[in-house]
>>> print(open('my_file_8.pdb').read())   # PDB, C-alpha atoms
MODEL        1
ATOM      1  CA  MET A   1      10.417  16.545 -23.357  1.00  0.00           C
ATOM      2  CA  THR A   2       8.800  18.767 -25.920  1.00  0.00           C
ATOM      3  CA  VAL A   3       7.544  22.252 -25.253  1.00  0.00           C
ATOM      4  CA  GLY A   4       3.920  22.200 -24.166  1.00  0.00           C
ATOM      5  CA  THR A   5       4.019  18.781 -22.492  1.00  0.00           C
ATOM      6  CA  GLU A   6       1.481  18.723 -19.674  1.00  0.00           C
ATOM      7  CA  LEU A   7       2.865  17.643 -16.309  1.00  0.00           C
ATOM      8  CA  LEU A   8       0.468  15.953 -13.905  1.00  0.00           C
ATOM      9  CA  THR A   9       0.667  15.900 -10.131  1.00  0.00           C
ATOM     10  CA  VAL A  10       0.420  12.622  -8.243  1.00  0.00           C
ATOM     11  CA  PRO A  11      -3.139  13.489  -7.077  1.00  0.00           C
ATOM     12  CA  GLN A  12      -4.139  14.093 -10.712  1.00  0.00           C
ATOM     13  CA  VAL A  13      -2.707  10.703 -11.698  1.00  0.00           C
ATOM     14  CA  MET A  14      -4.499   9.112  -8.742  1.00  0.00           C
ATOM     15  CA  GLU A  15      -7.789  10.571  -9.939  1.00  0.00           C
ATOM     16  CA  ARG A  16      -7.298   9.550 -13.568  1.00  0.00           C
ATOM     17  CA  LEU A  17      -6.310   5.976 -12.710  1.00  0.00           C
ATOM     18  CA  GLN A  18      -8.667   5.685  -9.728  1.00  0.00           C
ATOM     19  CA  LEU A  19      -5.764   4.435  -7.616  1.00  0.00           C
ATOM     20  CA  GLY A  20      -4.448   5.393  -4.205  1.00  0.00           C
ATOM     21  CA  ARG A  21      -1.289   7.370  -3.506  1.00  0.00           C
ATOM     22  CA  THR A  22       0.726   4.279  -2.549  1.00  0.00           C
ATOM     23  CA  ALA A  23      -0.224   2.464  -5.758  1.00  0.00           C
ATOM     24  CA  VAL A  24       0.804   5.436  -7.911  1.00  0.00           C
ATOM     25  CA  TYR A  25       4.127   5.818  -6.113  1.00  0.00           C
ATOM     26  CA  ASP A  26       4.700   2.050  -6.502  1.00  0.00           C
ATOM     27  CA  LEU A  27       4.212   2.432 -10.281  1.00  0.00           C
ATOM     28  CA  ILE A  28       6.707   5.298 -10.275  1.00  0.00           C
ATOM     29  CA  ARG A  29       9.182   3.436  -8.036  1.00  0.00           C
ATOM     30  CA  THR A  30       9.099   0.330 -10.250  1.00  0.00           C
ATOM     31  CA  ARG A  31       9.472   2.541 -13.345  1.00  0.00           C
ATOM     32  CA  GLN A  32       6.233   1.332 -14.870  1.00  0.00           C
ATOM     33  CA  LEU A  33       5.157   4.980 -14.905  1.00  0.00           C
ATOM     34  CA  ALA A  34       7.722   7.587 -15.935  1.00  0.00           C
ATOM     35  CA  SER A  35       8.073  10.703 -13.811  1.00  0.00           C
ATOM     36  CA  LEU A  36      10.430  13.520 -13.002  1.00  0.00           C
ATOM     37  CA  THR A  37      11.272  15.534  -9.936  1.00  0.00           C
ATOM     38  CA  LEU A  38      11.167  19.320  -9.913  1.00  0.00           C
ATOM     39  CA  GLY A  39      12.600  20.434  -6.596  1.00  0.00           C
ATOM     40  CA  ARG A  40      10.624  18.333  -4.131  1.00  0.00           C
ATOM     41  CA  ALA A  41       7.634  17.915  -6.454  1.00  0.00           C
ATOM     42  CA  ARG A  42       7.034  14.723  -8.420  1.00  0.00           C
ATOM     43  CA  ARG A  43       5.416  15.172 -11.831  1.00  0.00           C
ATOM     44  CA  VAL A  44       4.213  12.686 -14.440  1.00  0.00           C
ATOM     45  CA  PRO A  45       4.219  13.794 -18.083  1.00  0.00           C
ATOM     46  CA  ALA A  46       0.734  13.312 -19.552  1.00  0.00           C
ATOM     47  CA  HIS A  47       2.192  11.293 -22.432  1.00  0.00           C
ATOM     48  CA  ALA A  48       3.822   8.922 -19.909  1.00  0.00           C
ATOM     49  CA  LEU A  49       0.418   8.238 -18.373  1.00  0.00           C
ATOM     50  CA  THR A  50      -1.051   7.607 -21.831  1.00  0.00           C
ATOM     51  CA  ASP A  51       1.862   5.278 -22.690  1.00  0.00           C
ATOM     52  CA  PHE A  52       1.369   3.401 -19.416  1.00  0.00           C
ATOM     53  CA  ILE A  53      -2.344   2.887 -20.129  1.00  0.00           C
ATOM     54  CA  HIS A  54      -1.700   1.697 -23.687  1.00  0.00           C
ATOM     55  CA  THR A  55       0.999  -0.705 -22.492  1.00  0.00           C
ATOM     56  CA  ARG A  56      -1.339  -2.175 -19.868  1.00  0.00           C
ATOM     57  CA  LEU A  57      -4.139  -2.530 -22.419  1.00  0.00           C
ATOM     58  CA  ASP A  58      -1.765  -4.326 -24.807  1.00  0.00           C
ATOM     59  CA  GLN A  59      -0.611  -6.663 -22.005  1.00  0.00           C
ATOM     60  CA  ASP A  60      -4.185  -7.475 -21.014  1.00  0.00           C
ATOM     61  CA  ALA A  61      -5.140  -8.145 -24.644  1.00  0.00           C
ATOM     62  CA  ALA A  62      -2.262 -10.607 -25.118  1.00  0.00           C
TER      63      ALA A  62
ENDMDL
END
>>> encode(input="my_file_8.pdb", output="structure tokens")
Amino acid sequence: MTVGTELLTVPQVMERLQLGRTAVYDLIRTRQLASLTLGRARRVPAHALTDFIHTRLDQDAA
């Protein structure tokens, strides 16, 4: 992780993807969406969310 990488909370990811909590945690659990744990808090690097979106767009275009 580079210095200055924005870390998003699960509610922020939920809002950006317009998905529910369970759906976001399912993406994390199945490793489709990268995340890290800081103490008890789960965080998603902003670049991981961008990568996830680009990957899904590429899959849908194929």
>>> resolve_selection(input="my_file_8.pdb", expression="the PyMOL selection byres ((chain A and resi 53) around 12)", output="JSON list (two decimals) with C-alpha atoms, in the frame of the given file")
[["chain", "number", "residue", "atom", "x", "y", "z"],
["A", 13, "VAL", "CA", -2.71, 10.70, -11.70],
["A", 16, "ARG", "CA", -7.30, 9.55, -13.57],
["A", 17, "LEU", "CA", -6.31, 5.98, -12.71],
["A", 27, "LEU", "CA", 4.21, 2.43, -10.28],
["A", 32, "GLN", "CA", 6.23, 1.33, -14.87],
["A", 33, "LEU", "CA", 5.16, 4.98, -14.90],
["A", 34, "ALA", "CA", 7.72, 7.59, -15.94],
["A", 46, "ALA", "CA", 0.73, 13.31, -19.55],
["A", 47, "HIS", "CA", 2.19, 11.29, -22.43],
["A", 48, "ALA", "CA", 3.82, 8.92, -19.91],
["A", 49, "LEU", "CA", 0.42, 8.24, -18.37],
["A", 50, "THR", "CA", -1.05, 7.61, -21.83],
["A", 51, "ASP", "CA", 1.86, 5.28, -22.69],
["A", 52, "PHE", "CA", 1.37, 3.40, -19.42],
["A", 54, "HIS", "CA", -1.70, 1.70, -23.69],
["A", 55, "THR", "CA", 1.00, -0.70, -22.49],
["A", 56, "ARG", "CA", -1.34, -2.17, -19.87],
["A", 57, "LEU", "CA", -4.14, -2.53, -22.42],
["A", 58, "ASP", "CA", -1.76, -4.33, -24.81],
["A", 59, "GLN", "CA", -0.61, -6.66, -22.00],
["A", 60, "ASP", "CA", -4.18, -7.48, -21.01]]
>>> closest_residue(input="my_file_8.pdb", among="A:Leu19, A:Leu8, A:Met14, A:Ala61", to="A:Ser35", atoms="all atoms listed in the file")
A:Leu8
>>> atom_distance(input="my_file_8.pdb", atom1="atom CA of A:Glu6", atom2="atom CA of A:Arg40")
18.0 Å
>>> axis_aligned_box(input="my_file_8.pdb", around="stretch 40-59 of chain A", padding_each_side="3 Å", output="JSON")
{"center_x": 3.2, "center_y": 5.8, "center_z": -14.5, "size_x": 20.8, "size_y": 31.0, "size_z": 26.7}
>>> atom_distance(input="my_file_8.pdb", atom1="atom CA of A:Val24", atom2="atom CA of A:Val10")
7.2 Å
>>> resolve_selection(input="my_file_8.pdb", expression="the PyMOL selection byres ((chain A and resi 42) around 10)", output="number ranges by chain")
A: 7-10, 25, 28, 35-41, 43-44
